[in-house]
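One structure is given here, and the rest of the page talks about it.
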Amino acid sequence: MAASLYPAATRVGGTRLLCRPSWLPGEPLDLDDIALSWQDGAPSERQGSYAKTLAAIERPALFENRATYRLLAADLAGASPGMTFGRGRYFDWVNTGEAVAHELAGAWMEDQDLNSPARLRQRILIGDPCDLGRRSALCAVTTLTLRIPAAGEPTFLLHRRDPARVTHAGGLYQVMPAGIFQPSAGTAAAESADFDLWRCMAREFSEEFLGTPDGYGTAADYRNWAFYRELTAARAAGKVRVACLGLGTDPLTLATDVLTVAAFASDVFDELFGGLVELNDEGRVSGAPFNAEVVDRFTGGGEPMQAAGAAVLELAWRHRGQLRLR
């Protein structure tokens, strides 16, 4: 229903994820080829009442107003792909994205005819979901993780998000790991050290795959973190390939996702994730074969799949020949 409100918007393939043409590279980009730039002075939005109301009425298990990197601009299709960020807070997005999702749900429950603009006033005020200057754009890194065996078809992991534990996309499947692009602590040192997509992904691999505690509040020590060193060494050796496939905005909540894929040689995957959990702080973990039938089921509406997850699955299938390990 939310996607149908934007009939003229560009979408990622046949999925509901909204985007701009400049957000979709013609082929997978190596993560290191994307330049991240910083812009000071992006104003934080005022603390509205939606987050406070949510906390009072039905507080999710994970609900803190943490520091985030706010996405301000992006171009992944040009000769010099890059993204610009500034400071943000998690509740800045809750007070806009979750509020307009709630507004739409309430209007739909009253009357499924949403042709009257007066019924979606907050969404109309925000305007184009892909105009990053109109709102505080929460940015997540959504990663499709592929296990590539020496013979046979690859597999990937899925996360069924527990609605009692998460604020966003409860009850939906998502690829994994997926996490907000944010520093590991609310300090200037962490803000600088963690301004790196790979480091964000590494923390999410540890939390979602291995069930390690969310360590927000303590700056990550990458130099002495054995898991990070092993993961990075495997990538440097060509046993893990990481690529960016694009960027898109969820039509319901306006969350914006960097779409990435991490392809692991099976021996490295098994060594790093031998302790793979079935249940973590955000939901239940399962696996699936990476083939045309499964991809079609999760991208074509056969399963309750988050828009960003469907988009990265479709893009990865489209580019599967370019995602092979060296």
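Residues in the structure tokens are numbered from 1 in each chain, the chains being A, B, ... in the order shown, and ligands are numbered from 1 in the order shown.
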
Would you write out, as JSON lines, a table of all residues in stretch 237-271 of chain A that have an atom no more than 10 Å from an atom of stretch 193-214 of chain A, listing for each the closest atom pair and the distance in Å to one decimal, considering only C-alpha atoms and ordering rows by chain and rising residue number?
```
{"residue": "A:Val242", "atom": "CA", "partner": "A:Trp198", "partner_atom": "CA", "distance": 8.8}
{"residue": "A:Val258", "atom": "CA", "partner": "A:Leu197", "partner_atom": "CA", "distance": 9.3}
{"residue": "A:Thr260", "atom": "CA", "partner": "A:Met201", "partner_atom": "CA", "distance": 9.5}
{"residue": "A:Ala262", "atom": "CA", "partner": "A:Met201", "partner_atom": "CA", "distance": 9.6}
```

Every residue of stretch 149-287 of chain A that DSSP places in strand (DSSP E), as an NGL selection string: :A and (155-161 or 173-175 or 178-180 or 240-249 or 256-265 or 279-280 or 283-287)

Residues from last step as file, C-alpha atoms, as a short mmCIF file (atom, residue, chain, number, x, y, z; two decimals), in the first residue's frame:
```cif
data_model
loop_
_atom_site.label_atom_id
_atom_site.label_comp_id
_atom_site.auth_asym_id
_atom_site.auth_seq_id
_atom_site.Cartn_x
_atom_site.Cartn_y
_atom_site.Cartn_z
CA THR A 155 23.20 -20.70 0.45
CA PHE A 156 22.23 -17.54 2.32
CA LEU A 157 20.92 -16.59 5.75
CA LEU A 158 17.57 -15.12 6.71
CA HIS A 159 16.42 -13.30 9.82
CA ARG A 160 12.77 -13.38 10.95
CA ARG A 161 12.52 -10.19 12.98
CA TYR A 173 12.09 -11.65 6.95
CA GLN A 174 15.35 -9.86 6.25
CA VAL A 175 18.72 -10.92 4.91
CA ALA A 178 21.53 -5.73 8.73
CA GLY A 179 22.24 -2.88 11.09
CA ILE A 180 22.11 0.87 11.45
CA VAL A 240 35.47 -13.07 1.25
CA ARG A 241 34.22 -10.67 -1.40
CA VAL A 242 32.19 -7.65 -0.33
CA ALA A 243 30.36 -5.45 -2.82
CA CYS A 244 27.76 -2.69 -2.80
CA LEU A 245 24.80 -3.17 -5.14
CA GLY A 246 22.89 0.06 -4.50
CA LEU A 247 20.83 2.13 -2.12
CA GLY A 248 17.09 2.40 -1.54
CA THR A 249 14.30 3.73 0.70
CA THR A 256 17.27 3.98 3.79
CA ASP A 257 19.47 0.94 3.20
CA VAL A 258 22.90 0.51 1.66
CA LEU A 259 22.56 -2.82 -0.18
CA THR A 260 25.65 -5.01 0.11
CA VAL A 261 26.57 -8.63 -0.47
CA ALA A 262 29.29 -10.64 1.27
CA ALA A 263 30.30 -13.86 -0.49
CA PHE A 264 32.26 -16.28 1.73
CA ALA A 265 34.21 -19.33 0.70
CA LEU A 279 18.07 -17.09 17.90
CA ASN A 280 19.56 -13.67 18.64
CA GLY A 283 14.80 -12.66 15.99
CA ARG A 284 15.26 -16.17 14.56
CA VAL A 285 17.97 -17.23 12.09
CA SER A 286 17.49 -19.72 9.24
CA GLY A 287 19.17 -20.66 5.97
#
```

Quick one: everything within 8 Å of stretch 296-302 of chain A, counting only C-alpha atoms, minus sequence neighbours fewer than 5 positions away in the same chain. Send it as a VMD selection string. chain A and resid 14 to 15 310 to 311 313 to 314

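Computed from the coordinates, the atom CA of A:Gly133 to atom CA of A:Leu252 distance equals 18.1 Å.
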
Name the residues in contact with A:Pro25 at a cut-off of 9 Å, using only C-alpha atoms, excluding same-chain residues fewer than 2 positions from it; report them as a list in words. Pro21, Ser22, Trp23, Glu27, Pro28, Leu29, Asp75, Leu76, Ala77, Gly78, Pro81, Cys244, Leu245 and Gly246 of chain A

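Among the candidate residues A:His319, A:Gly274, A:Met305, A:Ala105, the one lying nearest to A:Arg16 is A:Met305, with distances computed using only C-alpha atoms.
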
For stretch 112-122 of chain A: contacts at 7 Å, only C-alpha atoms, fewer than 4 positions along chain excluded, given as a ChimeraX atom specification: /A:100,103-104,107-108,126

Only C-alpha atoms, please: the residues just picked out, written as a CSV table (one decimal), in the first residue's frame.
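The resulting file, selection.csv, is reproduced below:
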```csv
chain,number,residue,atom,x,y,z
A,100,VAL,CA,4.3,8.1,8.9
A,103,GLU,CA,-0.3,7.3,10.2
A,104,LEU,CA,-0.7,5.1,7.1
A,107,ALA,CA,-5.8,5.5,7.9
A,108,TRP,CA,-5.9,2.1,6.1
A,126,ILE,CA,7.8,14.9,3.9
```

Report as a ChimeraX atom specification: the residues of stretch 9-104 of chain A with a DSSP assignment of helix (DSSP H, G or I), based on the backbone of this structure. /A:21-23,31-33,49-58,90-104

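In this model, the gap between atom CA of A:Asp221 and atom CA of A:Gln39 comes to 25.1 Å.
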
For atom CA of A:Ile57 and atom CA of A:Ala164, the interatomic separation in Å (one decimal): 12.6 Å

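Distances from A:Thr218, A:Trp317, A:Glu191, A:Leu144 to A:Val294 were compared using only C-alpha atoms, and the smallest one belongs to A:Trp317.
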